[in-house]
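A.B. asks: One structure is given below, represented as structure tokens, and several questions about it will come after.
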Amino acid sequence: MNHSDVIVVGAGPAGCMLAGELARAGRSVIVLDKHAAPSPLSRAFGVHARTLEVLDSRGLAEDLLSTGAHAPGLTLWNGLGLDLGVLPSEFPFLLVTPQSNVDARLEQYARESGADIRRGVTVTGLSQNADAVVVRGHAADGVEQQWTASYAAGADGVHSLVREAIGLDFPGKELLRSIMLADVRLTDPPNGLINIGAGKDCFAFVAPFGDGWFRVIAWDRSEDADEHAPVDRSRLREVLRRAVGTDYGWTDVRWSSRFSCDERQVRRYRMGRVFLAGDAAHVHSPAGGQGMNTGIQDAMNLGWKLAAVLGGADEQILDTYHDERHPVGEKVLRSSGATIRMLLLRSVIAQTVRNLVSARVLRSKHAARAIAGMFSGVGISYPHARGEHALVGTRAVGIPLDRSTVTEQLREHGFVLIGEKDCAREDIAHRTDNGPAVLVRPDGYIAWAGRSESGQWQQVLERWTGQPCNNVNECSRIRMDGPPASYA
């Protein structure tokens, strides 16, 4: 009852995404979470384009899209705007929706895929040896239990017990203290964009949920209350006015809280048989709303690799999780940190230079598209080895096909082979442009590109999966072994 292929500690977005991916691939997974029920509260509020692409590849995006507002861009300091409509994605916007909606959707995905989620369990320790991981803890009744698995993942947040148990430091520093946030009803709201403003020694973000409620995040340099102290709502309203010049007709407040912001990242995402994902591996400023998104994408990268190794692939594949995702976390930390520091400039001269330089950069379509791609995750790609095609490690979702779409193909299969336009095979989809044949990984990134008749994709597939390619058709479309989820 207490043994599984993988134990996941933490049932937040990263933990449930990982559990769903593992269960979908036919692997047994137990998720342990100290909370008796999902939190009805929400700090994260934005789902970026790349995360929506990831969710859509599992049939999870459509319902979520109806729960919030589609913000087509961001209004920055000094009236500057960042247009997300330039994104080469089916989702050229930021979905503004409470994190509780994302949590609920991903937990449903994990459970219906076959994951065993056990709530009200406090994990107290973790150890590993050459063959297994042992996790210790107790349920609400206080009875001690232990669980064993081939691998474990810590998706248990910034104060991760898993990270502590495997002896990994969390180097970095505190960036901001006592950031205030609230869900507020506004009678004279801004337009549908994410609005960001900065005043003297303060800043504020305003984002629409699409139902008359708005997320307001604000910080004031003189505010130093404890993270757990209640928010003085009149104070928050006053900081909003100073930062953006108006309170937008502030009326009701349904929820408020505080948090502190650190910039930290572990040096390794893997230690033996244990992995870290989400806030357990990296935390950064709220600028750009990338925290939850990065964690979900961590899980998407790790899930299929763990499933492949459990199915017989070379364990060295698991090292590519750190190799691919650590640089992404580092880039997010740098970009969000730079954004928040630009908001905090105090000198009039520095602010003037910031405004001039930003305006010049954003006037360049190429630069604006690159910045939008960075914040949305659409611009993320993974490195490829010398001699591999330049497309290896890039997103495959935009490739035009003669039947269905890449996303629809990924809902039904693990790896997907797509033939070039003149490919003679009739059992696979073909490109309708002049690009090469590609082998697409389960997370939607390209594993190989070239001529389909060369057979090189078979060697790549064998390396990633550990499965011999005796039947070409069967190997090109490795099906998930798990129970058919309703999302497929």
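Order determines the names: the first chain of the structure tokens is A, the second B, and so forth; residues in each chain are numbered 1 upward, and ligands are numbered 1 upward as they are shown.
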What parts of region 102-192 of chain A does DSSP call alpha helix (DSSP H)? I'd like the answer as a PyMOL selection string.
C.D. replies: chain A and resi 102-113+161-165
A.B. asks: Which residue is closest to Pro442 (chain A)? Choose from A:Asn2, A:Gln458, A:Ser335, A:Asn301 and count only C-alpha atoms.
C.D. replies: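 Checking each of A:Asn2, A:Gln458, A:Ser335, A:Asn301 against Pro442 (chain A), counting only C-alpha atoms, the winner is A:Asn301.
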A.B. asks: Excluding Arg441 (chain A) and any residue of its chain fewer than 5 positions from it, enumerate the residues within 7 Å of it, using only C-alpha atoms, and give them as a PyMOL selection string.
C.D. replies: chain A and resi 414-416+446-447
A.B. asks: Deliver the residues from the most recent selection as a file, using all heavy atoms, as a PDB file, in the first residue's frame.
C.D. replies:
ATOM      1  N   GLY A 414       2.921   9.425 -26.595  1.00  0.00           N
ATOM      2  CA  GLY A 414       4.096   9.947 -25.929  1.00  0.00           C
ATOM      3  C   GLY A 414       4.935  10.708 -26.934  1.00  0.00           C
ATOM      4  O   GLY A 414       4.769  11.901 -27.150  1.00  0.00           O
ATOM      5  N   PHE A 415       5.872  10.009 -27.581  1.00  0.00           N
ATOM      6  CA  PHE A 415       6.630  10.608 -28.677  1.00  0.00           C
ATOM      7  C   PHE A 415       5.793  10.574 -29.952  1.00  0.00           C
ATOM      8  O   PHE A 415       5.033   9.642 -30.189  1.00  0.00           O
ATOM      9  CB  PHE A 415       7.924   9.834 -28.905  1.00  0.00           C
ATOM     10  CG  PHE A 415       9.001  10.150 -27.915  1.00  0.00           C
ATOM     11  CD1 PHE A 415       9.002   9.554 -26.666  1.00  0.00           C
ATOM     12  CD2 PHE A 415      10.018  11.042 -28.213  1.00  0.00           C
ATOM     13  CE1 PHE A 415       9.996   9.834 -25.740  1.00  0.00           C
ATOM     14  CE2 PHE A 415      11.012  11.336 -27.303  1.00  0.00           C
ATOM     15  CZ  PHE A 415      11.003  10.732 -26.063  1.00  0.00           C
ATOM     16  N   VAL A 416       5.949  11.598 -30.776  1.00  0.00           N
ATOM     17  CA  VAL A 416       5.197  11.691 -32.024  1.00  0.00           C
ATOM     18  C   VAL A 416       6.168  11.970 -33.166  1.00  0.00           C
ATOM     19  O   VAL A 416       6.983  12.896 -33.086  1.00  0.00           O
ATOM     20  CB  VAL A 416       4.144  12.819 -31.955  1.00  0.00           C
ATOM     21  CG1 VAL A 416       3.468  12.998 -33.307  1.00  0.00           C
ATOM     22  CG2 VAL A 416       3.113  12.519 -30.877  1.00  0.00           C
ATOM     23  N   ILE A 446      11.244  19.334 -29.606  1.00  0.00           N
ATOM     24  CA  ILE A 446      11.757  18.484 -30.677  1.00  0.00           C
ATOM     25  C   ILE A 446      12.990  17.721 -30.210  1.00  0.00           C
ATOM     26  O   ILE A 446      13.946  18.307 -29.695  1.00  0.00           O
ATOM     27  CB  ILE A 446      12.088  19.333 -31.923  1.00  0.00           C
ATOM     28  CG1 ILE A 446      10.790  19.943 -32.480  1.00  0.00           C
ATOM     29  CG2 ILE A 446      12.801  18.508 -32.990  1.00  0.00           C
ATOM     30  CD1 ILE A 446      11.010  20.922 -33.620  1.00  0.00           C
ATOM     31  N   ALA A 447      12.962  16.392 -30.378  1.00  0.00           N
ATOM     32  CA  ALA A 447      14.073  15.522 -29.983  1.00  0.00           C
ATOM     33  C   ALA A 447      15.007  15.223 -31.153  1.00  0.00           C
ATOM     34  O   ALA A 447      16.181  14.889 -30.944  1.00  0.00           O
ATOM     35  CB  ALA A 447      13.531  14.212 -29.417  1.00  0.00           C
TER      36      ALA A 447
END
A.B. asks: Using only C-alpha atoms, can you tell me which of A:Thr51, A:Val96, A:Leu126, A:Gly435 comes closest to Glu420 (chain A)?
C.D. replies: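 Between A:Thr51, A:Val96, A:Leu126, A:Gly435, the residue approaching Glu420 (chain A) most closely is A:Gly435.
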A.B. asks: Go through A:Gly444, A:Ile371, A:Ala225, A:Met300 and flag the residue nearest Thr407 (chain A), using only C-alpha atoms for the distances.
C.D. replies: A:Gly444
A.B. asks: Between A:Val31, A:Val184, A:Ala370, A:Val309, which one has atoms that come closest to Val9 (chain A), using only C-alpha atoms?
C.D. replies: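 Closest candidate: A:Val31.
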A.B. asks: Please list as a ChimeraX atom specification every residue within 12 Å of Lys421 (chain A), counting only C-alpha atoms and excluding residues in the same chain fewer than 6 positions away.
C.D. replies: /A:399-403,428-438,451-452
